[in-house]
>>> print(open('entry-v5.cif').read())   # mmCIF, C-alpha atoms
data_work
loop_
_atom_site.label_atom_id
_atom_site.label_comp_id
_atom_site.auth_asym_id
_atom_site.auth_seq_id
_atom_site.Cartn_x
_atom_site.Cartn_y
_atom_site.Cartn_z
CA SER A 1 0.00 0.00 0.00
CA ALA A 2 1.11 3.56 -0.61
CA GLU A 3 2.85 5.52 2.10
CA LEU A 4 0.97 8.49 3.53
CA PRO A 5 2.43 11.90 2.64
CA ARG A 6 2.58 12.81 6.34
CA ARG A 7 3.12 10.81 9.48
CA GLU A 8 0.16 9.85 11.64
CA ARG A 9 -0.21 9.44 15.39
CA ALA A 10 -2.64 7.35 17.42
CA HIS A 11 -4.27 8.38 20.67
CA LEU A 12 -4.89 5.17 22.61
CA ILE A 13 -7.50 4.63 25.30
CA SER A 14 -5.33 3.31 28.10
CA ASP A 15 -3.54 4.42 31.25
CA GLY A 16 -0.56 5.44 29.17
CA LEU A 17 2.47 3.83 27.58
CA GLU A 18 4.87 2.88 30.36
CA SER A 19 7.95 2.87 28.13
CA GLU A 20 9.08 3.06 24.53
CA ALA A 21 9.16 -0.76 24.52
CA ASP A 22 5.39 -0.78 25.11
CA GLY A 23 4.94 1.51 22.14
CA GLU A 24 7.07 -0.77 20.01
CA ALA A 25 4.89 -3.71 21.02
CA ILE A 26 1.78 -1.85 19.86
CA ALA A 27 3.46 -0.89 16.58
CA ALA A 28 4.61 -4.49 16.06
CA ALA A 29 0.97 -5.62 16.17
CA LEU A 30 0.17 -3.49 13.13
CA PRO A 31 0.34 -5.15 9.69
CA ASP A 32 3.77 -4.98 8.07
CA THR A 33 5.17 -2.60 10.69
CA GLN A 34 8.86 -2.82 11.49
CA ALA A 35 8.75 -2.00 15.20
CA GLY A 36 11.34 0.49 16.35
CA GLU A 37 11.99 1.88 12.85
CA ARG A 38 8.76 3.78 12.20
CA LEU A 39 7.70 4.38 15.79
CA THR A 40 8.93 7.93 16.42
CA TYR A 41 7.69 8.41 20.00
CA ALA A 42 6.06 6.44 22.81
CA TYR A 43 4.98 9.04 25.34
CA ALA A 44 5.42 8.63 29.09
CA TYR A 45 2.65 10.85 30.47
CA THR A 46 -0.14 10.64 27.89
CA PRO A 47 -1.72 7.48 26.35
CA MET A 48 -0.38 8.15 22.86
CA PHE A 49 2.34 7.21 20.41
CA ALA A 50 3.56 8.68 17.12
CA ALA A 51 4.49 6.52 14.14
CA ASN A 52 5.01 6.49 10.38
CA LEU A 53 2.16 4.38 8.96
CA THR A 54 0.91 3.12 5.62
CA SER A 55 -2.73 3.64 4.67
CA GLN A 56 -3.42 -0.05 5.44
CA GLU A 57 -1.94 0.28 8.91
CA LEU A 58 -3.89 3.48 9.51
CA LEU A 59 -7.12 1.70 8.58
CA GLY A 60 -6.23 -1.08 11.00
CA LEU A 61 -5.81 1.44 13.82
CA ALA A 62 -9.08 3.14 12.92
CA ASN A 63 -10.86 -0.21 13.36
CA ASP A 64 -9.07 -1.07 16.62
CA PRO A 65 -11.46 -0.67 19.60
CA ARG A 66 -8.54 0.45 21.80
CA VAL A 67 -8.00 3.56 19.70
CA VAL A 68 -9.95 6.64 20.74
CA ARG A 69 -8.70 9.09 18.15
CA ILE A 70 -6.12 9.43 15.36
CA HIS A 71 -4.41 12.78 14.74
CA GLU A 72 -2.47 13.76 11.66
CA ASP A 73 1.05 14.80 12.66
CA ARG A 74 0.79 18.27 11.14
CA ALA A 75 3.70 20.65 10.62
CA SER A 76 3.54 24.12 12.20
CA GLU A 77 5.22 27.32 11.05
CA PRO A 78 7.01 29.88 13.26
CA LEU A 79 4.63 32.69 14.28
CA LEU A 80 4.92 35.88 16.36
CA PRO A 81 2.43 38.57 15.28
CA ARG A 82 2.12 40.63 18.50
CA SER A 83 3.16 40.16 22.11
CA THR A 84 4.17 42.56 24.90
CA ALA A 85 2.02 45.54 23.91
CA MET A 86 -1.08 43.36 23.68
CA MET A 87 -0.30 41.91 27.13
CA GLU A 88 0.24 45.36 28.71
CA MET A 89 3.50 44.19 30.25
CA ASP A 90 4.41 47.70 31.40
CA VAL A 91 1.54 47.49 33.91
CA LEU A 92 2.76 44.13 35.26
CA HIS A 93 6.37 45.32 35.45
CA THR A 94 5.25 48.34 37.48
CA ALA A 95 3.61 45.87 39.88
CA ASN A 96 6.99 44.05 40.07
CA TYR A 97 5.93 40.96 38.10
CA ARG A 98 9.14 40.27 36.18
CA GLY A 99 9.60 36.50 36.42
CA ALA A 100 12.12 36.41 39.26
CA GLY A 101 12.59 32.90 40.68
CA ARG A 102 10.88 31.21 37.74
CA ALA A 103 11.86 29.44 34.52
CA VAL A 104 10.31 30.11 31.11
CA ALA A 105 10.61 27.47 28.36
CA ILE A 106 10.65 28.38 24.66
CA LEU A 107 9.81 25.85 21.93
CA ASP A 108 11.19 27.19 18.66
CA ASN A 109 13.60 26.73 15.73
CA GLY A 110 16.95 27.35 17.42
CA PHE A 111 18.56 30.11 19.46
CA ARG A 112 21.67 32.26 19.62
CA VAL A 113 22.44 31.19 23.17
CA GLU A 114 25.19 33.81 23.46
CA HIS A 115 22.83 36.70 22.62
CA PRO A 116 23.37 39.58 25.11
CA MET A 117 19.62 39.96 25.64
CA TYR A 118 19.51 36.74 27.67
CA ALA A 119 22.83 34.82 27.52
CA SER A 120 23.49 34.90 31.27
CA ARG A 121 20.13 33.30 32.02
CA VAL A 122 20.05 30.31 29.64
CA GLN A 123 19.87 27.38 32.07
CA ARG A 124 18.78 24.24 30.17
CA GLY A 125 18.30 22.96 26.62
CA TRP A 126 16.68 20.07 24.74
CA CYS A 127 16.22 19.14 21.08
CA PHE A 128 13.31 17.16 19.60
CA SER A 129 13.61 17.32 15.81
CA THR A 130 12.54 14.22 13.88
CA ALA A 131 14.08 13.80 10.45
CA GLY A 132 12.06 12.67 7.43
CA ALA A 133 12.54 12.16 3.71
CA GLY A 134 14.36 15.29 2.53
CA GLN A 135 13.73 16.91 5.92
CA PRO A 136 16.86 16.74 8.11
CA SER A 137 16.74 17.09 11.88
CA LEU A 138 18.06 20.35 13.32
CA CYS A 139 19.46 18.63 16.42
CA THR A 140 23.23 18.85 16.51
CA THR A 141 23.59 15.11 17.22
CA GLY A 142 20.83 12.52 17.01
CA ARG A 143 17.11 13.11 17.37
CA GLN A 144 16.64 13.78 21.09
CA PRO A 145 19.84 15.13 22.65
CA ALA A 146 19.76 17.30 25.76
CA GLY A 147 21.97 20.22 26.66
CA ILE A 148 22.32 23.88 25.75
CA ALA A 149 24.74 23.04 22.94
CA THR A 150 21.96 21.22 21.05
CA VAL A 151 19.69 24.25 20.54
CA GLY A 152 21.92 26.60 18.54
CA ALA A 153 20.38 28.81 15.87
CA CYS A 154 19.95 27.30 12.43
CA SER A 155 21.67 28.94 9.48
CA GLY A 156 20.95 29.34 5.78
CA LEU A 157 17.20 28.79 6.24
CA SER A 158 14.26 31.15 6.01
CA GLY A 159 13.20 32.37 9.46
CA CYS A 160 16.26 31.23 11.43
CA VAL A 161 16.15 34.35 13.63
CA HIS A 162 12.71 33.43 14.95
CA GLY A 163 13.79 31.48 18.03
CA THR A 164 16.23 34.17 19.13
CA HIS A 165 13.55 36.83 18.60
CA VAL A 166 11.02 34.91 20.68
CA ALA A 167 13.48 34.20 23.50
CA SER A 168 14.37 37.91 23.62
CA THR A 169 10.69 38.84 23.71
CA ALA A 170 10.00 36.35 26.50
CA ALA A 171 12.96 37.00 28.77
CA GLY A 172 15.40 39.47 27.26
CA GLY A 173 16.49 43.02 27.96
CA TRP A 174 17.65 42.86 31.56
CA ARG A 175 20.78 41.67 33.30
CA TYR A 176 19.84 39.09 35.90
CA ASN A 177 19.25 41.00 39.17
CA GLY A 178 20.86 44.00 37.50
CA PRO A 179 19.98 47.14 35.54
CA LEU A 180 18.29 47.38 32.17
CA LEU A 181 20.56 46.99 29.17
CA SER A 182 18.42 49.72 27.60
CA ASP A 183 15.29 51.56 28.66
CA ARG A 184 13.79 50.57 25.29
CA LEU A 185 14.56 46.87 25.58
CA SER A 186 12.36 44.87 27.88
CA SER A 187 10.49 41.61 27.72
CA VAL A 188 7.67 39.68 29.35
CA ALA A 189 9.75 38.09 32.13
CA PRO A 190 13.17 39.81 32.21
CA TYR A 191 14.25 38.26 35.54
CA SER A 192 13.37 34.66 34.65
CA VAL A 193 15.78 31.93 33.55
CA LEU A 194 15.39 30.33 30.13
CA TRP A 195 14.89 26.70 29.13
CA LEU A 196 15.35 26.47 25.35
CA VAL A 197 13.89 23.66 23.23
CA GLN A 198 14.49 23.06 19.52
CA VAL A 199 11.40 21.39 17.96
CA PHE A 200 11.81 22.30 14.27
CA HIS A 201 13.26 20.45 11.29
CA ARG A 202 14.56 21.62 7.90
CA THR A 203 12.08 21.35 5.03
CA SER A 204 13.01 20.40 1.48
CA ASP A 205 12.57 24.06 0.39
CA ASN A 206 14.90 25.37 3.14
CA ARG A 207 12.34 26.55 5.66
CA THR A 208 11.69 25.33 9.21
CA GLN A 209 8.61 23.46 10.38
CA SER A 210 7.68 21.60 13.56
CA TYR A 211 5.77 18.33 13.87
CA THR A 212 3.10 18.02 16.55
CA SER A 213 4.78 14.81 17.72
CA ASP A 214 8.05 16.66 18.41
CA GLN A 215 6.16 19.39 20.26
CA GLN A 216 4.48 16.78 22.45
CA ALA A 217 7.82 15.09 23.20
CA ALA A 218 9.18 18.48 24.25
CA LEU A 219 6.18 19.22 26.46
CA GLU A 220 6.51 15.84 28.16
CA ALA A 221 10.21 16.48 28.84
CA LEU A 222 9.34 19.85 30.35
CA TYR A 223 6.60 18.30 32.46
CA ALA A 224 9.10 15.79 33.83
CA ALA A 225 11.64 18.55 34.57
CA ARG A 226 9.21 21.19 35.83
CA ASN A 227 10.46 21.12 39.44
CA SER A 228 14.02 19.94 38.80
CA ASN A 229 15.38 23.31 39.94
CA LEU A 230 13.60 24.34 43.13
CA ASN A 231 15.10 27.84 42.91
CA ASN A 232 13.62 28.34 39.43
CA PRO A 233 10.63 26.01 38.85
CA LEU A 234 9.00 26.08 35.44
CA ALA A 235 6.20 28.66 35.28
CA ALA A 236 5.36 29.01 31.59
CA ILE A 237 5.99 27.53 28.14
CA ASN A 238 5.93 29.65 24.99
CA MET A 239 5.07 28.14 21.59
CA SER A 240 5.11 30.85 18.92
CA LEU A 241 4.16 28.46 16.15
CA GLY A 242 1.06 27.18 14.41
CA GLY A 243 -0.92 27.14 11.20
CA GLY A 244 -4.50 27.17 10.04
CA GLY A 245 -7.18 28.49 12.36
CA THR A 246 -10.28 27.71 14.37
CA THR A 247 -13.02 29.69 16.07
CA ALA A 248 -13.82 26.98 18.63
CA ALA A 249 -11.98 25.54 21.62
CA CYS A 250 -9.48 22.83 20.61
CA THR A 251 -10.86 20.19 22.97
CA THR A 252 -9.73 17.26 20.79
CA HIS A 253 -6.29 18.55 19.80
CA ALA A 254 -3.46 16.05 20.17
CA LEU A 255 -1.58 18.32 22.59
CA ARG A 256 -4.51 18.87 24.93
CA PRO A 257 -3.76 15.99 27.37
CA ILE A 258 -0.17 17.03 28.08
CA ILE A 259 -1.11 20.72 28.23
CA GLN A 260 -3.82 19.83 30.75
CA LEU A 261 -1.25 17.96 32.87
CA LEU A 262 1.02 21.00 32.76
CA ARG A 263 -1.85 23.27 33.71
CA ASN A 264 -2.79 21.05 36.63
CA ALA A 265 0.84 21.33 37.77
CA GLY A 266 0.68 25.13 37.63
CA VAL A 267 2.54 25.58 34.33
CA ALA A 268 0.93 27.82 31.72
CA THR A 269 1.35 26.92 28.02
CA ILE A 270 1.04 29.97 25.75
CA ILE A 271 0.61 29.33 22.02
CA ALA A 272 0.47 31.79 19.13
CA ALA A 273 -3.12 32.65 18.24
#
>>> encode(input="entry-v5.cif", output="structure tokens")
Amino acid sequence: SAELPRRERAHLISDGLESEADGEAIAAALPDTQAGERLTYAYAYTPMFAANLTSQELLGLANDPRVVRIHEDRASEPLLPRSTAMMEMDVLHTANYRGAGRAVAILDNGFRVEHPMYASRVQRGWCFSTAGAGQPSLCTTGRQPAGIATVGACSGLSGCVHGTHVASTAAGGWRYNGPLLSDRLSSVAPYSVLWLVQVFHRTSDNRTQSYTSDQQAALEALYAARNSNLNNPLAAINMSLGGGGTTAACTTHALRPIIQLLRNAGVATIIAA
């Protein structure tokens, strides 16, 4: 059977996949699936997995009574139309809400970690960038490395400055516990520390896009690490990315379960709208 043009993901009705091995076992039960080769993620906190499937395999999942919902693994574009002015951040800064003692995570397409707007406050880094046919991963080594060195800004692609721009908007402009770099440069949370996450891949036409499955893997990693630094627990996650549009609440979106877990844990997820 013909391969689908995009990868698909299955949302299973269960208590969750305990490990990647469990996800491989589910994938192995599908017709003609080579377990471990086309399974891209088995998630730890939500009952879901992401896999590359043929149309025959997709039909088999659709007829499986264990499957609640199937989501297409769509690719999102970088977005940042408006931010601080809309949020009236000057009012919050006057009330001394500047992010001190908190971490802010940014999911984007790479970052200049040495940028003077925030360099002293970059604390952690992850990369979740799945490669596909003609679409290389933007991780420096492998698909899921961790560490600040893995999230460097891309080069030679359209929109490579986006991640640096977003990180500066979220947490740039101030020296940590020090004076403003400039009275015209301020951000949403200028006293916070930054956790940077690369979730984009290179497209065949030299742009950057992000799969929903990579975004979910990143959100699950952040959920697991949310209280790893008691001096700077995770407070918010920024995702300036998207595509398409809707006028209704996204109650069946693939990311809703992990975002709900984050919300229940006191972490706000802010997505471009």
>>> residues_near_point(input="entry-v5.cif", point="(13.5, 23.2, 27.4)", cutoff="12 Å", atoms="all atoms listed in the file", output="ChimeraX atom specification")
/A:103-108,110-111,122-128,144-148,150-151,167,193-199,215,217-226,228,234,236-239
>>> atom_distance(input="entry-v5.cif", atom1="CA of Ser76 (chain A)", atom2="CA of Cys139 (chain A)")
17.4 Å
>>> atom_distance(input="entry-v5.cif", atom1="CA of Ala50 (chain A)", atom2="CA of Thr212 (chain A)")
9.4 Å
>>> closest_residue(input="entry-v5.cif", among="A:Ser187, A:Ser129, A:Ala119, A:Pro78", to="Ser213 (chain A)", atoms="all atoms listed in the file")
A:Ser129
>>> closest_residue(input="entry-v5.cif", among="A:Ala170, A:Ala131, A:Val188, A:Ala51", to="Val91 (chain A)", atoms="only C-alpha atoms")
A:Val188
>>> atom_distance(input="entry-v5.cif", atom1="CA of Ser168 (chain A)", atom2="CA of Ala268 (chain A)")
18.7 Å
>>> residues_around(input="entry-v5.cif", residues="Asn227 (chain A)", least_positions_apart="6", cutoff="12 Å", atoms="all atoms listed in the file", output="PDB file with C-alpha atoms, keeping the file's coordinate frame")
ATOM      1  CA  ARG A 102      10.880  31.210  37.740  1.00  0.00           C
ATOM      2  CA  ALA A 103      11.860  29.440  34.520  1.00  0.00           C
ATOM      3  CA  ALA A 221      10.210  16.480  28.840  1.00  0.00           C
ATOM      4  CA  PRO A 233      10.630  26.010  38.850  1.00  0.00           C
ATOM      5  CA  LEU A 234       9.000  26.080  35.440  1.00  0.00           C
ATOM      6  CA  ALA A 235       6.200  28.660  35.280  1.00  0.00           C
ATOM      7  CA  LEU A 262       1.020  21.000  32.760  1.00  0.00           C
ATOM      8  CA  ALA A 265       0.840  21.330  37.770  1.00  0.00           C
ATOM      9  CA  GLY A 266       0.680  25.130  37.630  1.00  0.00           C
ATOM     10  CA  VAL A 267       2.540  25.580  34.330  1.00  0.00           C
TER      11      VAL A 267
END
>>> resolve_selection(input="entry-v5.cif", expression="the PyMOL selection byres ((chain A and resi 74) around 6)", output="VMD selection string")
chain A and resid 72 to 73 75 211 to 212
>>> closest_residue(input="entry-v5.cif", among="A:Leu255, A:Leu59, A:Leu138, A:Ala95", to="Ile271 (chain A)", atoms="all atoms listed in the file")
A:Leu255
>>> closest_residue(input="entry-v5.cif", among="A:Gly173, A:His162, A:Asp64, A:Leu157", to="Ser240 (chain A)", atoms="only C-alpha atoms")
A:His162
>>> resolve_selection(input="entry-v5.cif", expression="the PyMOL selection byres ((chain A and resi 202-204) around 8)", output="ChimeraX atom specification")
/A:134-138,157,200-201,205-209
>>> write_last_selection(input="entry-v5.cif", atoms="C-alpha atoms", output="PDB file, in the coordinates of the input")
ATOM      1  CA  GLY A 134      14.360  15.290   2.530  1.00  0.00           C
ATOM      2  CA  GLN A 135      13.730  16.910   5.920  1.00  0.00           C
ATOM      3  CA  PRO A 136      16.860  16.740   8.110  1.00  0.00           C
ATOM      4  CA  SER A 137      16.740  17.090  11.880  1.00  0.00           C
ATOM      5  CA  LEU A 138      18.060  20.350  13.320  1.00  0.00           C
ATOM      6  CA  LEU A 157      17.200  28.790   6.240  1.00  0.00           C
ATOM      7  CA  PHE A 200      11.810  22.300  14.270  1.00  0.00           C
ATOM      8  CA  HIS A 201      13.260  20.450  11.290  1.00  0.00           C
ATOM      9  CA  ASP A 205      12.570  24.060   0.390  1.00  0.00           C
ATOM     10  CA  ASN A 206      14.900  25.370   3.140  1.00  0.00           C
ATOM     11  CA  ARG A 207      12.340  26.550   5.660  1.00  0.00           C
ATOM     12  CA  THR A 208      11.690  25.330   9.210  1.00  0.00           C
ATOM     13  CA  GLN A 209       8.610  23.460  10.380  1.00  0.00           C
TER      14      GLN A 209
END
